[in-house]
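Okay, entry12.cif is below, mmCIF, C-alpha atoms:
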```cif
data_protein
loop_
_atom_site.label_atom_id
_atom_site.label_comp_id
_atom_site.auth_asym_id
_atom_site.auth_seq_id
_atom_site.Cartn_x
_atom_site.Cartn_y
_atom_site.Cartn_z
CA MET U 891 -121.24 63.33 -128.39
CA ILE U 892 -121.56 60.04 -130.26
CA LEU U 893 -124.74 59.43 -132.21
CA THR U 894 -125.77 55.91 -133.06
CA LYS U 895 -128.52 54.74 -135.33
CA SER U 896 -131.24 52.76 -133.66
CA LYS U 897 -131.21 49.16 -134.76
CA SER U 898 -134.27 47.79 -136.49
CA VAL U 899 -136.07 44.93 -134.83
CA ASN U 900 -136.05 41.76 -136.91
CA ALA U 901 -139.61 40.45 -136.80
CA GLY U 902 -138.92 37.64 -139.25
CA PRO U 903 -137.87 34.08 -138.72
CA ILE U 904 -134.29 33.21 -137.73
CA SER U 905 -133.90 30.89 -140.70
CA GLY U 906 -135.34 31.14 -144.20
CA THR U 907 -135.06 33.81 -146.82
CA GLY U 908 -136.39 36.68 -144.75
CA GLU U 909 -138.02 38.21 -147.82
CA GLY U 910 -141.16 39.09 -145.84
CA VAL U 911 -139.32 41.36 -143.41
CA ALA U 912 -139.55 44.97 -144.49
CA HIS U 913 -136.31 46.92 -144.75
CA SER U 914 -134.13 44.32 -143.04
CA LYS U 915 -130.70 43.79 -144.52
CA ARG U 916 -129.66 40.36 -145.77
CA TRP U 917 -126.44 38.97 -147.24
CA TYR U 918 -126.61 38.01 -150.94
CA VAL U 919 -123.97 36.92 -153.46
CA ALA U 920 -123.80 39.19 -156.52
CA LEU U 921 -122.16 37.62 -159.57
CA VAL U 922 -119.85 40.06 -161.37
CA ARG U 923 -117.53 40.12 -164.38
CA MET U 924 -114.15 38.45 -164.01
CA HIS U 925 -111.56 40.72 -162.30
CA HIS U 926 -114.20 43.37 -161.40
CA GLU U 927 -114.83 42.31 -157.78
CA LYS U 928 -112.82 45.11 -156.13
CA LYS U 929 -114.13 47.78 -158.54
CA VAL U 930 -117.74 46.80 -157.85
CA ALA U 931 -117.08 46.86 -154.09
CA GLU U 932 -115.57 50.37 -154.37
CA ARG U 933 -118.60 51.65 -156.30
CA LEU U 934 -120.98 50.08 -153.79
CA SER U 935 -119.06 51.70 -150.94
CA LYS U 936 -119.40 55.13 -152.59
CA MET U 937 -123.17 54.53 -152.78
CA GLY U 938 -123.27 53.64 -149.08
CA ILE U 939 -124.00 49.94 -149.71
CA ASP U 940 -122.22 47.42 -147.48
CA SER U 941 -120.25 44.83 -149.44
CA PHE U 942 -117.48 42.30 -148.85
CA VAL U 943 -114.90 40.79 -151.21
CA PRO U 944 -112.92 37.96 -149.56
CA VAL U 945 -109.24 38.70 -150.30
CA GLN U 946 -106.09 36.88 -149.16
CA GLN U 947 -102.43 37.72 -149.49
CA GLN U 948 -100.33 35.17 -151.37
CA ILE U 949 -96.68 35.13 -152.35
CA HIS U 950 -96.19 34.81 -156.12
CA GLN U 951 -92.81 33.55 -157.31
CA TRP U 952 -91.33 34.60 -160.65
CA SER U 953 -87.91 33.66 -161.98
CA ASP U 954 -86.41 36.98 -160.87
CA ARG U 955 -88.51 38.06 -157.86
CA ARG U 956 -91.15 37.29 -155.25
CA LYS U 957 -94.12 39.51 -154.59
CA VAL U 958 -97.01 39.54 -152.10
CA VAL U 959 -100.26 39.81 -154.07
CA ASP U 960 -103.86 40.26 -152.89
CA THR U 961 -105.97 37.54 -154.52
CA VAL U 962 -109.74 37.20 -154.51
CA LEU U 963 -110.79 33.99 -152.74
CA LEU U 964 -114.10 33.66 -154.62
CA PRO U 965 -113.66 34.95 -158.18
CA MET U 966 -116.60 36.72 -159.81
CA MET U 967 -118.50 37.06 -156.49
CA VAL U 968 -119.20 40.02 -154.23
CA PHE U 969 -121.15 39.64 -150.99
CA VAL U 970 -123.65 42.47 -150.48
CA HIS U 971 -125.57 43.32 -147.28
CA VAL U 972 -128.64 45.10 -148.58
CA THR U 973 -132.31 45.96 -148.18
CA PRO U 974 -134.73 44.88 -150.93
CA LYS U 975 -134.50 48.37 -152.50
CA GLU U 976 -130.68 48.37 -152.45
CA ARG U 977 -130.68 44.83 -153.87
CA MET U 978 -132.26 46.17 -157.06
CA GLU U 979 -129.80 49.11 -157.21
CA VAL U 980 -126.86 46.69 -157.24
CA LEU U 981 -128.24 45.06 -160.40
CA SER U 982 -128.09 48.44 -162.18
CA PHE U 983 -124.29 48.09 -162.48
CA SER U 984 -123.21 46.89 -165.91
CA THR U 985 -120.55 44.68 -164.30
CA VAL U 986 -123.10 42.83 -162.09
CA SER U 987 -124.96 40.11 -163.98
CA ARG U 988 -127.30 38.64 -161.35
CA TYR U 989 -127.59 37.19 -157.85
CA MET U 990 -126.81 33.60 -156.96
CA VAL U 991 -130.00 31.55 -156.63
CA MET U 992 -130.80 28.13 -155.18
CA ARG U 993 -131.40 25.45 -157.80
CA GLY U 994 -135.04 25.42 -158.88
CA GLU U 995 -135.85 28.80 -157.31
CA SER U 996 -136.05 32.30 -158.70
CA ALA U 997 -135.42 34.37 -155.54
CA PRO U 998 -131.79 35.18 -154.67
CA ALA U 999 -130.19 32.90 -152.07
CA VAL U 1000 -129.62 34.44 -148.64
CA ILE U 1001 -126.41 33.80 -146.69
CA PRO U 1002 -127.27 33.77 -142.94
CA ASP U 1003 -125.62 36.52 -140.86
CA GLU U 1004 -123.94 34.03 -138.49
CA GLN U 1005 -122.27 32.19 -141.40
CA MET U 1006 -120.97 35.47 -142.84
CA ALA U 1007 -119.68 36.59 -139.42
CA ARG U 1008 -117.76 33.31 -138.94
CA PHE U 1009 -116.38 33.44 -142.50
CA ARG U 1010 -115.17 37.04 -142.12
CA PHE U 1011 -113.63 36.26 -138.71
CA MET U 1012 -111.76 33.30 -140.23
CA LEU U 1013 -110.40 35.44 -143.08
CA ASP U 1014 -109.41 38.33 -140.81
CA TYR U 1015 -107.60 36.37 -138.09
CA SER U 1016 -106.23 33.19 -139.67
CA ASP U 1017 -102.45 32.93 -139.99
CA GLU U 1018 -102.92 30.07 -142.46
CA ALA U 1019 -104.36 30.37 -145.96
CA VAL U 1020 -108.13 29.86 -146.11
CA CYS U 1021 -109.27 27.56 -148.91
CA MET U 1022 -112.74 27.09 -150.31
CA ASN U 1023 -113.93 23.52 -150.66
CA ASP U 1024 -116.92 23.33 -153.01
CA SER U 1025 -117.08 19.53 -153.15
CA PRO U 1026 -119.54 17.87 -150.75
CA LEU U 1027 -117.91 17.54 -147.35
CA ALA U 1028 -119.21 15.14 -144.69
CA ARG U 1029 -120.44 16.90 -141.57
CA GLY U 1030 -117.80 17.11 -138.90
CA GLU U 1031 -117.91 17.41 -135.14
CA ARG U 1032 -119.07 20.86 -134.02
CA VAL U 1033 -116.16 22.53 -132.21
CA ARG U 1034 -114.92 25.84 -130.79
CA VAL U 1035 -111.34 27.00 -131.25
CA ILE U 1036 -109.71 27.56 -127.83
CA LYS U 1037 -106.11 28.42 -128.83
CA GLY U 1038 -104.39 30.53 -131.44
CA PRO U 1039 -105.50 33.52 -133.51
CA LEU U 1040 -108.90 31.97 -134.32
CA SER U 1041 -109.79 31.50 -130.65
CA GLY U 1042 -113.57 31.69 -130.21
CA LEU U 1043 -114.45 30.60 -133.77
CA VAL U 1044 -117.20 27.96 -133.96
CA GLY U 1045 -117.15 25.52 -136.87
CA GLU U 1046 -116.82 21.87 -137.80
CA LEU U 1047 -113.70 19.75 -137.36
CA VAL U 1048 -113.21 17.89 -140.66
CA THR U 1049 -110.42 15.89 -142.27
CA VAL U 1050 -109.38 16.92 -145.80
CA GLY U 1051 -106.46 15.16 -147.45
CA GLY U 1052 -105.39 13.60 -144.14
CA LYS U 1053 -105.17 16.98 -142.35
CA SER U 1054 -107.51 18.24 -139.66
CA LYS U 1055 -109.19 21.50 -140.59
CA ILE U 1056 -111.87 23.72 -139.17
CA ALA U 1057 -114.66 24.39 -141.66
CA VAL U 1058 -117.26 27.14 -141.84
CA ARG U 1059 -120.14 26.29 -144.16
CA LEU U 1060 -121.59 28.96 -146.47
CA ASN U 1061 -124.94 28.31 -148.14
CA MET U 1062 -124.49 27.53 -151.84
CA LEU U 1063 -120.71 28.08 -151.76
CA GLY U 1064 -119.37 25.07 -149.86
CA CYS U 1065 -116.95 25.35 -146.94
CA ALA U 1066 -114.16 27.72 -146.02
CA CYS U 1067 -111.43 25.58 -144.43
CA VAL U 1068 -108.21 26.32 -142.60
CA ASP U 1069 -105.65 23.94 -141.05
CA MET U 1070 -106.23 23.44 -137.33
CA PRO U 1071 -104.40 21.19 -134.86
CA ILE U 1072 -106.85 18.97 -132.95
CA GLY U 1073 -105.44 20.24 -129.64
CA TYR U 1074 -106.62 23.77 -130.50
CA VAL U 1075 -110.33 22.88 -130.42
CA GLU U 1076 -112.92 21.60 -127.97
CA PRO U 1077 -116.21 19.88 -128.78
CA ILE U 1078 -119.44 21.81 -128.32
CA LYS U 1079 -122.37 20.12 -126.66
CA ILE U 1080 -125.38 20.39 -128.97
CA SER U 1081 -128.88 20.84 -127.61
CA ASN U 1082 -132.02 19.93 -129.58
CA ASP U 1083 -132.55 23.58 -130.57
CA ASP U 1084 -129.04 23.80 -132.05
CA THR U 1085 -129.46 20.70 -134.25
CA LYS U 1086 -132.12 22.55 -136.25
CA LYS U 1087 -129.62 25.30 -137.12
CA LEU U 1088 -127.03 22.86 -138.50
#
```

Write-out of the structure in structure tokens:
Amino acid sequence: MILTKSKSVNAGPISGTGEGVAHSKRWYVALVRMHHEKKVAERLSKMGIDSFVPVQQQIHQWSDRRKVVDTVLLPMMVFVHVTPKERMEVLSFSTVSRYMVMRGESAPAVIPDEQMARFRFMLDYSDEAVCMNDSPLARGERVRVIKGPLSGLVGELVTVGGKSKIAVRLNMLGCACVDMPIGYVEPIKISNDDTKKL
């Protein structure tokens, strides 16, 4: 017999910080010491706290050998999916300094669930290297990938350095971009309700 936990009903707004919703989990960005991202994620896992460290494999070339190395895409950052109580527990780690906050605010910034889901999908299924672009990027056409390993991903078609890329925006962090041929995407028709989410 398979037992599943009942899912809590989110009574809060779709957008916003969601701080008023009791016991609902939200994605936050915990800032950690340099080179401690994986260690913090392991400790959080042992405590039963959901976390995510974006890691990519890269080939490093030395004079005598080549090696595939796991590199952290966002140094000194660990994404945590926590309740308000768990959010305070994460700060008890000596290697965690604080949470990322929006400029001029004191409450930690929340990364919307749909942005995190798209970002994780891109990292998991992309054959190409994902790069983070923290410089301001003009809004692109909203598209859905229809071919290749990222089929189904929704993002923006942008041009960076003369190449077409699909971008997934993350609050406060910029855009995760990956090369994408224009023939692999189709435009999405946007209704008035969807323009509010962009």

Distance query U:Ala1028 at most 12 Å, only C-alpha atoms, self and fewer than 6 positions along chain excluded, as an MDAnalysis selection string: chainID U and resid 1046:1050 1057 1059 1064:1065

Since I can't run it myself right now, could you work out what the PyMOL selection byres ((chain U and resi 1029-1035) around 8) selects here and report it as an NGL selection string? :U and (1027-1028 or 1036-1038 or 1040-1048 or 1074-1078)

Please evaluate the PyMOL selection byres ((chain U and resi 940-956) around 12) against the displayed coordinates and give the resulting residues as JSON, numbers by chain. {"U": [915, 916, 917, 918, 919, 920, 921, 922, 925, 926, 927, 928, 929, 930, 931, 932, 933, 934, 935, 936, 937, 938, 939, 957, 958, 959, 960, 961, 962, 963, 964, 965, 966, 967, 968, 969, 970, 971, 972, 973, 976, 977, 980, 1006, 1007, 1009, 1010, 1011, 1012, 1013, 1014, 1015, 1016, 1017, 1018, 1019, 1020, 1021, 1022, 1066]}

Where is the centre and how long are the edges: axis-aligned box on stretch 1058-1073 of chain U, 5 Å on each side, Å to one decimal, as AutoDock Vina command-line options:
```
--center_x -114.7 --center_y 24.0 --center_z -140.7 --size_x 30.5 --size_y 20.0 --size_z 32.2
```

Could you state the separation of atom CA of U:Asn1061 and atom CA of U:Glu995 in Å, given to one decimal place? 14.3 Å

One-decimal distance in Å that lies between atom CA of U:Lys1055 and atom CA of U:Val1068: 5.3 Å

What does the structure give for the distance between atom CA of U:Cys1067 and atom CA of U:Pro998, in Å to one decimal? 24.7 Å

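Ranking U:Met924, U:Met992, U:Met978, U:Val986 by their shortest atom-to-atom distance to U:Leu1063, with all atoms listed in the file included, puts U:Met992 first.
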
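Of the listed residues U:Lys1053, U:Pro1026, U:Arg1008, U:Met1062, the one whose atoms come nearest to U:Arg993 is U:Met1062, with distances taken using only C-alpha atoms.
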